[in-house]
$ cat upload04.cif   # mmCIF, C-alpha atoms
data_entry
loop_
_atom_site.group_PDB
_atom_site.id
_atom_site.type_symbol
_atom_site.label_atom_id
_atom_site.label_comp_id
_atom_site.auth_asym_id
_atom_site.auth_seq_id
_atom_site.Cartn_x
_atom_site.Cartn_y
_atom_site.Cartn_z
ATOM 1 C CA MET A 646 105.065 140.177 99.885
ATOM 2 C CA GLN A 647 104.373 140.568 96.197
ATOM 3 C CA ASP A 648 102.079 137.589 95.766
ATOM 4 C CA VAL A 649 99.291 136.169 97.924
ATOM 5 C CA ARG A 650 100.889 132.719 97.574
ATOM 6 C CA ASP A 651 103.857 134.027 99.548
ATOM 7 C CA ALA A 652 101.664 133.768 102.661
ATOM 8 C CA LEU A 653 101.961 129.968 102.433
ATOM 9 C CA TYR A 654 105.745 130.179 102.282
ATOM 10 C CA VAL A 655 106.288 131.766 105.676
ATOM 11 C CA GLY A 656 108.307 129.507 107.942
ATOM 12 C CA GLN A 657 109.875 129.715 111.370
ATOM 13 C CA ARG A 658 113.557 129.626 112.234
ATOM 14 C CA SER A 659 114.645 127.605 115.214
ATOM 15 C CA ASP A 660 114.658 130.762 117.363
ATOM 16 C CA GLY A 661 111.048 131.453 116.434
ATOM 17 C CA THR A 662 111.617 134.364 114.016
ATOM 18 C CA LEU A 663 109.782 134.307 110.708
ATOM 19 C CA THR A 664 111.470 133.642 107.389
ATOM 20 C CA ARG A 665 110.503 132.966 103.782
ATOM 21 C CA ARG A 666 110.680 129.295 102.942
ATOM 22 C CA PRO A 667 112.543 128.435 99.727
ATOM 23 C CA MET A 668 110.372 128.000 96.643
ATOM 24 C CA SER A 669 110.893 125.430 93.921
ATOM 25 C CA PRO A 670 110.327 126.616 90.350
ATOM 26 C CA HIS A 671 108.060 124.679 87.979
ATOM 27 C CA LEU A 672 109.535 121.742 86.077
ATOM 28 C CA GLN A 673 109.585 123.501 82.668
ATOM 29 C CA VAL A 674 111.842 126.232 84.074
ATOM 30 C CA TYR A 675 114.778 123.801 84.341
ATOM 31 C CA ARG A 676 117.125 122.999 81.453
ATOM 32 C CA PHE A 677 116.704 119.378 80.346
ATOM 33 C CA ARG A 678 119.201 117.011 81.949
ATOM 34 C CA LEU A 679 119.618 113.280 81.357
ATOM 35 C CA SER A 680 119.443 112.666 85.128
ATOM 36 C CA MET A 681 115.917 114.070 85.360
ATOM 37 C CA PHE A 682 114.735 111.806 82.538
ATOM 38 C CA LEU A 683 116.485 108.748 84.043
ATOM 39 C CA SER A 684 114.897 109.512 87.420
ATOM 40 C CA ILE A 685 111.295 109.596 86.193
ATOM 41 C CA ALA A 686 112.043 106.752 83.745
ATOM 42 C CA ASN A 687 112.961 104.544 86.719
ATOM 43 C CA ARG A 688 109.540 105.154 88.263
ATOM 44 C CA ALA A 689 107.777 104.554 84.927
ATOM 45 C CA ALA A 690 109.853 101.402 84.369
ATOM 46 C CA GLY A 691 108.868 100.156 87.820
ATOM 47 C CA VAL A 692 105.176 100.547 86.999
ATOM 48 C CA ALA A 693 105.651 98.935 83.547
ATOM 49 C CA ALA A 694 107.639 96.065 85.071
ATOM 50 C CA ALA A 695 104.852 95.513 87.621
ATOM 51 C CA GLY A 696 102.216 95.475 84.854
ATOM 52 C CA GLY A 697 104.329 93.041 82.852
ATOM 53 C CA SER A 698 104.758 90.801 85.898
ATOM 54 C CA ALA A 699 100.978 90.731 86.311
ATOM 55 C CA LEU A 700 100.709 89.558 82.683
ATOM 56 C CA GLY A 701 103.593 87.139 83.282
ATOM 57 C CA LEU A 702 101.395 85.385 85.835
ATOM 58 C CA CYS A 703 99.250 84.254 82.846
ATOM 59 C CA TRP A 704 102.201 82.133 81.705
ATOM 60 C CA ILE A 705 102.784 80.307 85.014
ATOM 61 C CA SER A 706 99.050 79.909 85.722
ATOM 62 C CA ALA A 707 98.441 78.524 82.211
ATOM 63 C CA ALA A 708 101.287 76.045 82.711
ATOM 64 C CA ALA A 709 99.648 75.000 85.990
ATOM 65 C CA LYS A 710 96.214 74.699 84.355
ATOM 66 C CA GLY A 711 97.214 72.356 81.518
ATOM 67 C CA PRO A 712 98.344 71.950 77.897
ATOM 68 C CA LYS A 713 95.197 73.596 76.442
ATOM 69 C CA SER A 714 95.667 76.878 78.339
ATOM 70 C CA PHE A 715 99.411 76.756 77.724
ATOM 71 C CA SER A 716 98.945 76.569 73.940
ATOM 72 C CA LYS A 717 96.829 79.753 74.187
ATOM 73 C CA VAL A 718 99.710 81.553 75.926
ATOM 74 C CA GLN A 719 102.133 80.181 73.323
ATOM 75 C CA LYS A 720 99.985 81.804 70.622
ATOM 76 C CA VAL A 721 100.636 85.174 72.317
ATOM 77 C CA THR A 722 104.367 84.563 72.865
ATOM 78 C CA GLY A 723 104.707 83.319 69.265
ATOM 79 C CA ASN A 724 102.968 86.384 67.828
ATOM 80 C CA PRO A 725 105.175 89.360 66.797
ATOM 81 C CA LEU A 726 102.864 91.742 68.695
ATOM 82 C CA GLY A 727 103.126 89.614 71.834
ATOM 83 C CA GLN A 728 106.885 89.404 71.379
ATOM 84 C CA MET A 729 107.091 93.198 71.170
ATOM 85 C CA LEU A 730 105.152 93.384 74.457
ATOM 86 C CA LEU A 731 107.607 90.905 76.014
ATOM 87 C CA ALA A 732 110.568 92.943 74.717
ATOM 88 C CA GLY A 733 109.024 96.063 76.280
ATOM 89 C CA TRP A 734 108.639 94.196 79.580
ATOM 90 C CA ALA A 735 112.286 93.097 79.348
ATOM 91 C CA LEU A 736 113.371 96.712 78.713
ATOM 92 C CA ALA A 737 111.397 97.961 81.732
ATOM 93 C CA LEU A 738 112.785 95.200 83.972
ATOM 94 C CA VAL A 739 116.381 95.707 82.841
ATOM 95 C CA TYR A 740 116.248 99.482 83.265
ATOM 96 C CA HIS A 741 114.550 99.234 86.687
ATOM 97 C CA PHE A 742 117.284 96.741 87.650
ATOM 98 C CA VAL A 743 120.119 99.015 86.451
ATOM 99 C CA ALA A 744 118.629 102.155 88.032
ATOM 100 C CA GLY A 745 117.953 100.185 91.219
ATOM 101 C CA ILE A 746 121.624 99.184 91.423
ATOM 102 C CA ARG A 747 122.549 102.863 91.003
ATOM 103 C CA HIS A 748 120.206 103.760 93.865
ATOM 104 C CA LEU A 749 121.795 101.109 96.099
ATOM 105 C CA VAL A 750 125.243 102.519 95.240
ATOM 106 C CA TRP A 751 124.056 106.058 96.062
ATOM 107 C CA ASP A 752 122.494 104.843 99.324
ATOM 108 C CA SER A 753 125.895 103.392 100.263
ATOM 109 C CA GLY A 754 127.404 106.835 99.757
ATOM 110 C CA TYR A 755 129.238 106.291 96.464
ATOM 111 C CA ARG A 756 129.031 107.976 93.012
ATOM 112 C CA PHE A 757 126.706 110.641 94.424
ATOM 113 C CA SER A 758 128.488 113.840 93.342
ATOM 114 C CA LYS A 759 127.019 115.862 90.470
ATOM 115 C CA LYS A 760 129.998 114.997 88.257
ATOM 116 C CA GLU A 761 129.797 111.260 88.955
ATOM 117 C CA ILE A 762 126.023 111.154 88.420
ATOM 118 C CA ASN A 763 126.426 112.897 85.046
ATOM 119 C CA GLU A 764 129.167 110.428 84.096
ATOM 120 C CA ASP A 765 127.147 107.342 85.074
ATOM 121 C CA GLY A 766 123.881 108.343 83.346
ATOM 122 C CA PRO A 767 124.967 107.552 79.759
ATOM 123 C CA VAL A 768 126.633 104.336 80.998
ATOM 124 C CA ALA A 769 123.304 103.250 82.536
ATOM 125 C CA VAL A 770 121.556 103.909 79.205
ATOM 126 C CA GLY A 771 124.188 101.906 77.304
ATOM 127 C CA VAL A 772 124.081 98.970 79.720
ATOM 128 C CA THR A 773 120.266 98.937 79.620
ATOM 129 C CA VAL A 774 120.001 98.979 75.815
ATOM 130 C CA GLY A 775 122.823 96.437 75.357
ATOM 131 C CA THR A 776 121.516 93.996 77.982
ATOM 132 C CA THR A 777 117.939 94.223 76.718
ATOM 133 C CA LEU A 778 118.948 93.586 73.084
ATOM 134 C CA ALA A 779 121.181 90.654 74.106
ATOM 135 C CA LEU A 780 118.426 89.128 76.277
ATOM 136 C CA VAL A 781 115.655 89.505 73.688
ATOM 137 C CA ALA A 782 117.823 88.194 70.819
ATOM 138 C CA GLY A 783 119.153 85.326 72.948
ATOM 139 C CA ILE A 784 115.771 84.168 74.257
ATOM 140 C CA LEU A 785 114.118 84.474 70.841
ATOM 141 C CA GLY A 786 117.021 82.565 69.244
ATOM 142 C CA VAL A 787 116.843 79.727 71.780
ATOM 143 C CA ALA A 788 113.050 79.514 71.386
ATOM 144 C CA ILE A 789 113.287 79.326 67.570
ATOM 145 C CA CYS A 790 116.083 76.706 67.665
ATOM 146 C CA ARG A 791 114.104 74.553 70.105
ATOM 147 C CA SER A 792 110.864 74.671 68.095
ATOM 148 C CA ARG A 793 112.787 73.824 64.871
ATOM 149 C CA LYS A 794 114.402 70.832 66.582
ATOM 150 C CA LYS A 795 110.945 69.630 67.661
ATOM 151 C CA ALA A 796 109.482 70.063 64.152
ATOM 152 C CA SER A 797 112.253 68.077 62.458
ATOM 153 C CA MET B 1179 112.677 140.294 111.016
ATOM 154 C CA SER B 1180 115.458 138.480 112.886
ATOM 155 C CA ASN B 1181 117.695 139.862 115.590
ATOM 156 C CA PRO B 1182 121.317 139.583 114.349
ATOM 157 C CA LYS B 1183 122.737 139.586 117.884
ATOM 158 C CA LYS B 1184 120.688 136.580 118.948
ATOM 159 C CA PRO B 1185 122.365 133.288 117.939
ATOM 160 C CA HIS B 1186 120.225 131.027 115.792
ATOM 161 C CA ILE B 1187 120.502 128.173 113.313
ATOM 162 C CA THR B 1188 118.684 128.598 110.020
ATOM 163 C CA VAL B 1189 116.998 125.223 109.684
ATOM 164 C CA MET B 1190 113.362 124.626 108.707
ATOM 165 C CA ARG B 1191 112.333 122.610 111.737
ATOM 166 C CA SER B 1192 109.674 123.217 114.306
ATOM 167 C CA GLN B 1193 110.648 123.736 117.947
ATOM 168 C CA LEU B 1194 108.788 120.532 118.841
ATOM 169 C CA SER B 1195 110.923 118.380 116.541
ATOM 170 C CA ARG B 1196 114.054 120.082 117.893
ATOM 171 C CA ALA B 1197 112.912 119.452 121.463
ATOM 172 C CA ARG B 1198 112.380 115.773 120.696
ATOM 173 C CA GLY B 1199 115.879 115.640 119.275
ATOM 174 C CA LEU B 1200 114.712 113.555 116.372
ATOM 175 C CA GLY B 1201 114.037 113.982 112.710
ATOM 176 C CA SER B 1202 111.280 112.043 111.003
ATOM 177 C CA GLY B 1203 111.397 108.579 112.490
ATOM 178 C CA GLN B 1204 107.999 107.150 111.700
ATOM 179 C CA ALA B 1205 106.809 104.374 109.379
ATOM 180 C CA GLY B 1206 108.852 105.870 106.518
ATOM 181 C CA VAL B 1207 112.139 104.443 107.777
ATOM 182 C CA GLY B 1208 110.827 100.867 107.838
ATOM 183 C CA HIS B 1209 109.270 101.343 104.401
ATOM 184 C CA TRP B 1210 112.570 102.660 102.997
ATOM 185 C CA TRP B 1211 114.538 99.718 104.382
ATOM 186 C CA ALA B 1212 111.952 97.153 103.230
ATOM 187 C CA GLU B 1213 112.184 98.586 99.701
ATOM 188 C CA ARG B 1214 115.995 98.297 99.716
ATOM 189 C CA ALA B 1215 116.107 94.849 101.326
ATOM 190 C CA SER B 1216 113.579 93.387 98.866
ATOM 191 C CA ALA B 1217 115.476 95.039 95.976
ATOM 192 C CA VAL B 1218 118.757 93.416 97.077
ATOM 193 C CA ALA B 1219 117.052 90.014 97.413
ATOM 194 C CA LEU B 1220 115.549 90.374 93.935
ATOM 195 C CA VAL B 1221 118.994 90.833 92.315
ATOM 196 C CA PRO B 1222 120.107 87.147 92.545
ATOM 197 C CA LEU B 1223 116.514 85.903 92.095
ATOM 198 C CA SER B 1224 116.214 87.860 88.812
ATOM 199 C CA GLY B 1225 119.530 86.423 87.618
ATOM 200 C CA TRP B 1226 118.280 82.909 88.387
ATOM 201 C CA PHE B 1227 115.017 83.616 86.561
ATOM 202 C CA VAL B 1228 116.823 84.824 83.411
ATOM 203 C CA ILE B 1229 118.730 81.509 83.299
ATOM 204 C CA GLN B 1230 115.437 79.601 83.686
ATOM 205 C CA VAL B 1231 113.852 81.608 80.848
ATOM 206 C CA PHE B 1232 116.736 80.527 78.584
ATOM 207 C CA ARG B 1233 116.175 76.917 79.687
ATOM 208 C CA LEU B 1234 112.410 77.117 79.080
ATOM 209 C CA ALA B 1235 112.240 79.289 75.930
ATOM 210 C CA GLY B 1236 110.060 77.439 73.416
ATOM 211 C CA ALA B 1237 109.335 74.618 75.889
ATOM 212 C CA SER B 1238 106.063 72.662 75.809
ATOM 213 C CA GLN B 1239 103.629 72.434 78.745
ATOM 214 C CA PRO B 1240 104.849 68.978 79.942
ATOM 215 C CA GLU B 1241 108.423 70.301 79.931
ATOM 216 C CA VAL B 1242 107.401 73.361 81.982
ATOM 217 C CA ALA B 1243 105.395 71.119 84.351
ATOM 218 C CA LYS B 1244 108.423 68.868 84.852
ATOM 219 C CA TRP B 1245 110.589 71.930 85.559
ATOM 220 C CA GLY B 1246 108.021 73.365 87.973
ATOM 221 C CA ALA B 1247 107.733 70.106 89.921
ATOM 222 C CA ARG B 1248 111.362 70.290 91.090
ATOM 223 C CA PRO B 1249 111.462 71.508 94.724
ATOM 224 C CA LEU B 1250 114.378 73.897 94.105
ATOM 225 C CA ASN B 1251 112.561 75.578 91.208
ATOM 226 C CA THR B 1252 109.367 75.809 93.287
ATOM 227 C CA THR B 1253 111.260 77.425 96.171
ATOM 228 C CA MET B 1254 112.996 79.957 93.922
ATOM 229 C CA MET B 1255 109.793 80.752 91.999
ATOM 230 C CA LEU B 1256 107.826 81.270 95.234
ATOM 231 C CA SER B 1257 110.547 83.610 96.570
ATOM 232 C CA LEU B 1258 110.604 85.492 93.270
ATOM 233 C CA VAL B 1259 106.809 85.894 93.038
ATOM 234 C CA ILE B 1260 106.329 86.900 96.689
ATOM 235 C CA LEU B 1261 109.250 89.371 96.734
ATOM 236 C CA THR B 1262 108.360 90.844 93.327
ATOM 237 C CA PHE B 1263 104.812 91.709 94.387
ATOM 238 C CA TYR B 1264 105.930 92.829 97.866
ATOM 239 C CA HIS B 1265 108.456 95.206 96.241
ATOM 240 C CA THR B 1266 105.750 96.306 93.729
ATOM 241 C CA GLN B 1267 103.392 97.206 96.567
ATOM 242 C CA LEU B 1268 106.109 99.220 98.345
ATOM 243 C CA GLY B 1269 107.001 101.119 95.166
ATOM 244 C CA LEU B 1270 103.423 101.861 94.100
ATOM 245 C CA GLN B 1271 102.676 103.132 97.635
ATOM 246 C CA VAL B 1272 105.429 105.741 97.217
ATOM 247 C CA ILE B 1273 103.882 106.858 93.903
ATOM 248 C CA ILE B 1274 100.443 107.140 95.552
ATOM 249 C CA ASP B 1275 101.990 109.099 98.452
ATOM 250 C CA ASP B 1276 103.530 111.507 95.919
ATOM 251 C CA TYR B 1277 100.595 112.102 93.592
ATOM 252 C CA VAL B 1278 97.327 111.308 95.429
ATOM 253 C CA HIS B 1279 96.366 113.897 98.018
ATOM 254 C CA GLY B 1280 93.522 114.443 100.454
ATOM 255 C CA LYS B 1281 90.666 112.022 101.073
ATOM 256 C CA ALA B 1282 91.534 109.802 98.098
ATOM 257 C CA HIS B 1283 94.965 108.905 99.521
ATOM 258 C CA LEU B 1284 93.926 106.135 101.928
ATOM 259 C CA PRO B 1285 91.402 104.336 99.646
ATOM 260 C CA ALA B 1286 93.852 104.545 96.704
ATOM 261 C CA GLY B 1287 96.572 102.879 98.769
ATOM 262 C CA LEU B 1288 94.232 100.192 100.107
ATOM 263 C CA LEU B 1289 92.839 99.434 96.636
ATOM 264 C CA MET B 1290 96.355 99.161 95.195
ATOM 265 C CA LYS B 1291 97.465 96.884 98.053
ATOM 266 C CA GLY B 1292 94.380 94.688 97.562
ATOM 267 C CA ILE B 1293 95.023 94.265 93.825
ATOM 268 C CA VAL B 1294 98.754 93.584 94.239
ATOM 269 C CA PHE B 1295 98.047 91.151 97.108
ATOM 270 C CA LEU B 1296 95.587 89.183 94.948
ATOM 271 C CA LEU B 1297 98.047 89.098 92.033
ATOM 272 C CA GLY B 1298 100.829 87.842 94.301
ATOM 273 C CA LEU B 1299 98.535 85.208 95.813
ATOM 274 C CA PHE B 1300 97.427 84.107 92.321
ATOM 275 C CA GLY B 1301 101.070 83.664 91.317
ATOM 276 C CA THR B 1302 101.837 81.740 94.519
ATOM 277 C CA VAL B 1303 98.866 79.379 94.033
ATOM 278 C CA SER B 1304 99.855 78.819 90.372
ATOM 279 C CA VAL B 1305 103.444 77.939 91.292
ATOM 280 C CA LEU B 1306 102.222 75.571 94.043
ATOM 281 C CA LYS B 1307 99.659 73.937 91.731
ATOM 282 C CA LEU B 1308 102.355 73.374 89.112
ATOM 283 C CA ALA B 1309 104.610 71.853 91.782
ATOM 284 C CA LEU B 1310 102.047 69.596 93.440
ATOM 285 C CA ALA B 1311 100.065 68.559 90.351
ATOM 286 C CA GLY B 1312 103.280 67.451 88.657
ATOM 287 C CA SER B 1313 104.303 65.189 91.514
ATOM 288 C CA SER B 1314 100.835 63.597 91.914
ATOM 289 C CA ARG B 1315 100.633 62.872 88.170
ATOM 290 C CA GLY B 1316 103.987 61.139 88.454
ATOM 291 C CA ARG B 1317 102.646 59.018 91.305
ATOM 292 C CA ILE B 1318 99.551 57.983 89.311
ATOM 293 C CA ALA B 1319 101.707 57.059 86.342
ATOM 294 C CA ALA B 1320 104.028 55.058 88.591
ATOM 295 C CA GLY B 1321 101.151 53.293 90.412
#

$ encode --input "upload04.cif" --output "structure tokens"
Amino acid sequence: MQDVRDALYVGQRSDGTLTRRPMSPHLQVYRFRLSMFLSIANRAAGVAAAGGSALGLCWISAAAKGPKSFSKVQKVTGNPLGQMLLAGWALALVYHFVAGIRHLVWDSGYRFSKKEINEDGPVAVGVTVGTTLALVAGILGVAICRSRKKAS
Amino acid sequence: MSNPKKPHITVMRSQLSRARGLGSGQAGVGHWWAERASAVALVPLSGWFVIQVFRLAGASQPEVAKWGARPLNTTMMLSLVILTFYHTQLGLQVIIDDYVHGKAHLPAGLLMKGIVFLLGLFGTVSVLKLALAGSSRGRIAAG
């Protein structure tokens, strides 16, 4: 034993003899890979999507409360800052959705080799960015068209 | 350390778990399946919700109220809200299990579950209020 920490890494084989348990190096030792970013990004996106959903409750509760509360929410959704927040929520939801589908595929035993995971990573990024942009542009476009129709 | 003549399998498992003949088979399995099942259910519900957002983008409160009073929309919204916050609670519990250690682990999990439960209940009550208030207003107008 070269280090006192090694004492914590002593394990037992099934026949009872002692062995050194494998040690995992610190995160910064590894070369950066897209998979490691996509993995932690899925967790972060899940938290962001949950936070956004909590804020999304303001919309449905304001609609339930009445026109006065609803106009307050519309001020937020009409504001560029509020719209950026909504776009961020959409991005988090879309990525968590895409990464979740990948997890379900892996759980079924498909696309789980190193090669396949490295192939699918960039595709997941592309699908996420494309879907989010299409959704945000589409929803914003419909909202603008509808409010113009009402004004005229 | 080890005797090369004696046959052994190099796996990191205690003799007790080998004697039981089982791996980990505690609450984790149910949690894992619940996370997957709610995720699968949320796939079509999310697709439905995206369509509704396109239908409601830029809508006024009476329009949203009329939409929310339809039984099908109420059913789908209730499923979406309940499953979203159920899935949220499952996911956040995994994060707490990973990063919060020692005495803080149990209170952190309970606090998180309490907050997410209240949020889910708030969403459920809002959807129900929208559904029921809309129909009663219609009745008053008709009577």

$ residues_around --input "upload04.cif" --residues "Ser1238 of chain B" --least-positions-apart "3" --cutoff "12 Å" --atoms "all atoms listed in the file" --output "PDB file with C-alpha atoms, in the frame of the given file"
ATOM      1  CA  TRP A 704     102.201  82.133  81.705  1.00  0.00           C
ATOM      2  CA  ALA A 707      98.441  78.524  82.211  1.00  0.00           C
ATOM      3  CA  ALA A 708     101.287  76.045  82.711  1.00  0.00           C
ATOM      4  CA  GLY A 711      97.214  72.356  81.518  1.00  0.00           C
ATOM      5  CA  PRO A 712      98.344  71.950  77.897  1.00  0.00           C
ATOM      6  CA  LYS A 713      95.197  73.596  76.442  1.00  0.00           C
ATOM      7  CA  SER A 714      95.667  76.878  78.339  1.00  0.00           C
ATOM      8  CA  PHE A 715      99.411  76.756  77.724  1.00  0.00           C
ATOM      9  CA  SER A 716      98.945  76.569  73.940  1.00  0.00           C
ATOM     10  CA  LYS A 717      96.829  79.753  74.187  1.00  0.00           C
ATOM     11  CA  VAL A 718      99.710  81.553  75.926  1.00  0.00           C
ATOM     12  CA  GLN A 719     102.133  80.181  73.323  1.00  0.00           C
ATOM     13  CA  ALA A 788     113.050  79.514  71.386  1.00  0.00           C
ATOM     14  CA  ARG A 791     114.104  74.553  70.105  1.00  0.00           C
ATOM     15  CA  SER A 792     110.864  74.671  68.095  1.00  0.00           C
ATOM     16  CA  LYS A 795     110.945  69.630  67.661  1.00  0.00           C
TER      17      LYS A 795
ATOM     18  CA  ARG B1233     116.175  76.917  79.687  1.00  0.00           C
ATOM     19  CA  LEU B1234     112.410  77.117  79.080  1.00  0.00           C
ATOM     20  CA  ALA B1235     112.240  79.289  75.930  1.00  0.00           C
ATOM     21  CA  GLU B1241     108.423  70.301  79.931  1.00  0.00           C
ATOM     22  CA  VAL B1242     107.401  73.361  81.982  1.00  0.00           C
ATOM     23  CA  ALA B1243     105.395  71.119  84.351  1.00  0.00           C
ATOM     24  CA  LYS B1244     108.423  68.868  84.852  1.00  0.00           C
ATOM     25  CA  TRP B1245     110.589  71.930  85.559  1.00  0.00           C
TER      26      TRP B1245
END

$ atom_distance --input "upload04.cif" --atom1 "atom CA of Ala693 of chain A" --atom2 "atom CA of Thr1262 of chain B"
13.0 Å

$ residues_around --input "upload04.cif" --residues "Pro1285 of chain B" --least-positions-apart "6" --cutoff "12 Å" --atoms "only C-alpha atoms" --output "list in words"
Gln1271, Ile1274, Asp1275, Val1278, His1279, Lys1291 and Gly1292 of chain B

$ resolve_selection --input "upload04.cif" --expression "the PyMOL selection byres ((chain A) within 10 of (chain B))" --output "PyMOL selection string"
chain A and resi 656-664+666-667+688+691-692+694-696+698-716+719+722-723+738-739+742+745-746+748-749+752+780+783-793+795

$ write_last_selection --input "upload04.cif" --atoms "C-alpha atoms" --output "PDB file, in the coordinates of the input"
ATOM      1  CA  GLY A 656     108.307 129.507 107.942  1.00  0.00           C
ATOM      2  CA  GLN A 657     109.875 129.715 111.370  1.00  0.00           C
ATOM      3  CA  ARG A 658     113.557 129.626 112.234  1.00  0.00           C
ATOM      4  CA  SER A 659     114.645 127.605 115.214  1.00  0.00           C
ATOM      5  CA  ASP A 660     114.658 130.762 117.363  1.00  0.00           C
ATOM      6  CA  GLY A 661     111.048 131.453 116.434  1.00  0.00           C
ATOM      7  CA  THR A 662     111.617 134.364 114.016  1.00  0.00           C
ATOM      8  CA  LEU A 663     109.782 134.307 110.708  1.00  0.00           C
ATOM      9  CA  THR A 664     111.470 133.642 107.389  1.00  0.00           C
ATOM     10  CA  ARG A 666     110.680 129.295 102.942  1.00  0.00           C
ATOM     11  CA  PRO A 667     112.543 128.435  99.727  1.00  0.00           C
ATOM     12  CA  ARG A 688     109.540 105.154  88.263  1.00  0.00           C
ATOM     13  CA  GLY A 691     108.868 100.156  87.820  1.00  0.00           C
ATOM     14  CA  VAL A 692     105.176 100.547  86.999  1.00  0.00           C
ATOM     15  CA  ALA A 694     107.639  96.065  85.071  1.00  0.00           C
ATOM     16  CA  ALA A 695     104.852  95.513  87.621  1.00  0.00           C
ATOM     17  CA  GLY A 696     102.216  95.475  84.854  1.00  0.00           C
ATOM     18  CA  SER A 698     104.758  90.801  85.898  1.00  0.00           C
ATOM     19  CA  ALA A 699     100.978  90.731  86.311  1.00  0.00           C
ATOM     20  CA  LEU A 700     100.709  89.558  82.683  1.00  0.00           C
ATOM     21  CA  GLY A 701     103.593  87.139  83.282  1.00  0.00           C
ATOM     22  CA  LEU A 702     101.395  85.385  85.835  1.00  0.00           C
ATOM     23  CA  CYS A 703      99.250  84.254  82.846  1.00  0.00           C
ATOM     24  CA  TRP A 704     102.201  82.133  81.705  1.00  0.00           C
ATOM     25  CA  ILE A 705     102.784  80.307  85.014  1.00  0.00           C
ATOM     26  CA  SER A 706      99.050  79.909  85.722  1.00  0.00           C
ATOM     27  CA  ALA A 707      98.441  78.524  82.211  1.00  0.00           C
ATOM     28  CA  ALA A 708     101.287  76.045  82.711  1.00  0.00           C
ATOM     29  CA  ALA A 709      99.648  75.000  85.990  1.00  0.00           C
ATOM     30  CA  LYS A 710      96.214  74.699  84.355  1.00  0.00           C
ATOM     31  CA  GLY A 711      97.214  72.356  81.518  1.00  0.00           C
ATOM     32  CA  PRO A 712      98.344  71.950  77.897  1.00  0.00           C
ATOM     33  CA  LYS A 713      95.197  73.596  76.442  1.00  0.00           C
ATOM     34  CA  SER A 714      95.667  76.878  78.339  1.00  0.00           C
ATOM     35  CA  PHE A 715      99.411  76.756  77.724  1.00  0.00           C
ATOM     36  CA  SER A 716      98.945  76.569  73.940  1.00  0.00           C
ATOM     37  CA  GLN A 719     102.133  80.181  73.323  1.00  0.00           C
ATOM     38  CA  THR A 722     104.367  84.563  72.865  1.00  0.00           C
ATOM     39  CA  GLY A 723     104.707  83.319  69.265  1.00  0.00           C
ATOM     40  CA  LEU A 738     112.785  95.200  83.972  1.00  0.00           C
ATOM     41  CA  VAL A 739     116.381  95.707  82.841  1.00  0.00           C
ATOM     42  CA  PHE A 742     117.284  96.741  87.650  1.00  0.00           C
ATOM     43  CA  GLY A 745     117.953 100.185  91.219  1.00  0.00           C
ATOM     44  CA  ILE A 746     121.624  99.184  91.423  1.00  0.00           C
ATOM     45  CA  HIS A 748     120.206 103.760  93.865  1.00  0.00           C
ATOM     46  CA  LEU A 749     121.795 101.109  96.099  1.00  0.00           C
ATOM     47  CA  ASP A 752     122.494 104.843  99.324  1.00  0.00           C
ATOM     48  CA  LEU A 780     118.426  89.128  76.277  1.00  0.00           C
ATOM     49  CA  GLY A 783     119.153  85.326  72.948  1.00  0.00           C
ATOM     50  CA  ILE A 784     115.771  84.168  74.257  1.00  0.00           C
ATOM     51  CA  LEU A 785     114.118  84.474  70.841  1.00  0.00           C
ATOM     52  CA  GLY A 786     117.021  82.565  69.244  1.00  0.00           C
ATOM     53  CA  VAL A 787     116.843  79.727  71.780  1.00  0.00           C
ATOM     54  CA  ALA A 788     113.050  79.514  71.386  1.00  0.00           C
ATOM     55  CA  ILE A 789     113.287  79.326  67.570  1.00  0.00           C
ATOM     56  CA  CYS A 790     116.083  76.706  67.665  1.00  0.00           C
ATOM     57  CA  ARG A 791     114.104  74.553  70.105  1.00  0.00           C
ATOM     58  CA  SER A 792     110.864  74.671  68.095  1.00  0.00           C
ATOM     59  CA  ARG A 793     112.787  73.824  64.871  1.00  0.00           C
ATOM     60  CA  LYS A 795     110.945  69.630  67.661  1.00  0.00           C
TER      61      LYS A 795
END

$ atom_distance --input "upload04.cif" --atom1 "atom CA of Phe757 of chain A" --atom2 "atom CA of Ala769 of chain A"
14.4 Å

$ atom_distance --input "upload04.cif" --atom1 "atom CA of Tyr740 of chain A" --atom2 "atom CA of Ile685 of chain A"
11.6 Å

$ closest_residue --input "upload04.cif" --among "A:Thr777, A:Lys760, A:Gly771, A:Phe677" --to "Ala735 of chain A" --atoms "all atoms listed in the file"
A:Thr777

$ axis_aligned_box --input "upload04.cif" --around "segment 1238-1249 of chain B" --padding-each-side "6 Å" --output "lines of an AutoDock Vina configuration file"
center_x = 107.5
center_y = 71.1
center_z = 85.3
size_x = 19.8
size_y = 16.5
size_z = 30.9

$ residues_around --input "upload04.cif" --residues "Val768 of chain A" --least-positions-apart "4" --cutoff "12 Å" --atoms "all atoms listed in the file" --output "compact mmCIF listing (two decimals) with C-alpha atoms, in the coordinates of the input"
# COMPACT_ATOMS: atom_id res chain seq x y z
CA LEU A 679 119.62 113.28 81.36
CA SER A 680 119.44 112.67 85.13
CA LEU A 683 116.48 108.75 84.04
CA TYR A 740 116.25 99.48 83.26
CA VAL A 743 120.12 99.02 86.45
CA ALA A 744 118.63 102.16 88.03
CA ARG A 747 122.55 102.86 91.00
CA GLU A 761 129.80 111.26 88.96
CA ILE A 762 126.02 111.15 88.42
CA ASN A 763 126.43 112.90 85.05
CA GLU A 764 129.17 110.43 84.10
CA VAL A 772 124.08 98.97 79.72
CA THR A 773 120.27 98.94 79.62
CA VAL A 774 120.00 98.98 75.82
CA GLY A 775 122.82 96.44 75.36
CA THR A 776 121.52 94.00 77.98
